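Structure first, then comments.
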Amino acid sequence: MATKTLGTNATNSLPALAYLAGIGNLAAADVATLNNAIKDDLNPAHPIIGGSFTVQGSLYIPRRGWLQLFPGDWVAVDSRGWPIVLSADTAANGPWTHS
């Protein structure tokens, strides 16, 4: 599985992954791509918040805490480093296009 793109039905896209339960379902490089993209958006230096996304389905939202993902949920990161979570149902049936 490789890093995907996610965006509204407009022409923009964001780096994203679908969370699949279980270790081994996500490549370490893909997890690293999201971890390197998640940043503290309020800090002018925009430091990377390493370890924010785990293969166990935990996602750290900067300054807000941990969120547990369910299988099929999608995580994307916008251009400022902010993580975006879509439920499996929203990703499948909402106004989202993903690869």
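Lettering and numbering for the structure tokens are positional, with chains as A, B, ... in the shown order, residues counted from 1 in each chain, and ligands counted from 1 in the shown order.
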Original post:
Which parts of chain A does DSSP call strand (DSSP E or B) when run on the backbone here, written out as a ChimeraX atom specification?
Top reply: /A:4-8,14-18,39,48,53,58-61,65-68,74-77,83-86,96-98
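The shell of residues at most 12 Å from range 44-48 of chain A, with only C-alpha atoms counted and near chain neighbours (fewer than 3 positions) removed, consists of A:Ala32, A:Thr33, A:Leu34, A:Asn35, A:Asn36, A:Ala37, A:Ile38, A:Lys39, A:Asp40, A:Asp41, A:Gly51, A:Ser52, A:Phe53, A:Tyr60, A:Pro62, A:Ser79, A:Arg80, A:Gly81, A:Trp82, A:Pro83.
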**OP:** Please provide as a ChimeraX atom specification all residues within 12 Å of Thr54 in chain A, with the sequence filter that same-chain residues fewer than 3 positions apart are discarded (counting only C-alpha atoms).
**Re:** /A:17,19-35,50-51,57-60,66-69,75
Subject >> Backbone DSSP call of helix (DSSP H, G or I) for chain A, listed as number ranges by chain >> reply: A: 28-37, 88-93
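With CA of Leu42 in chain A on one side and CA of Ala18 in chain A on the other, the separation reads 26.3 Å.
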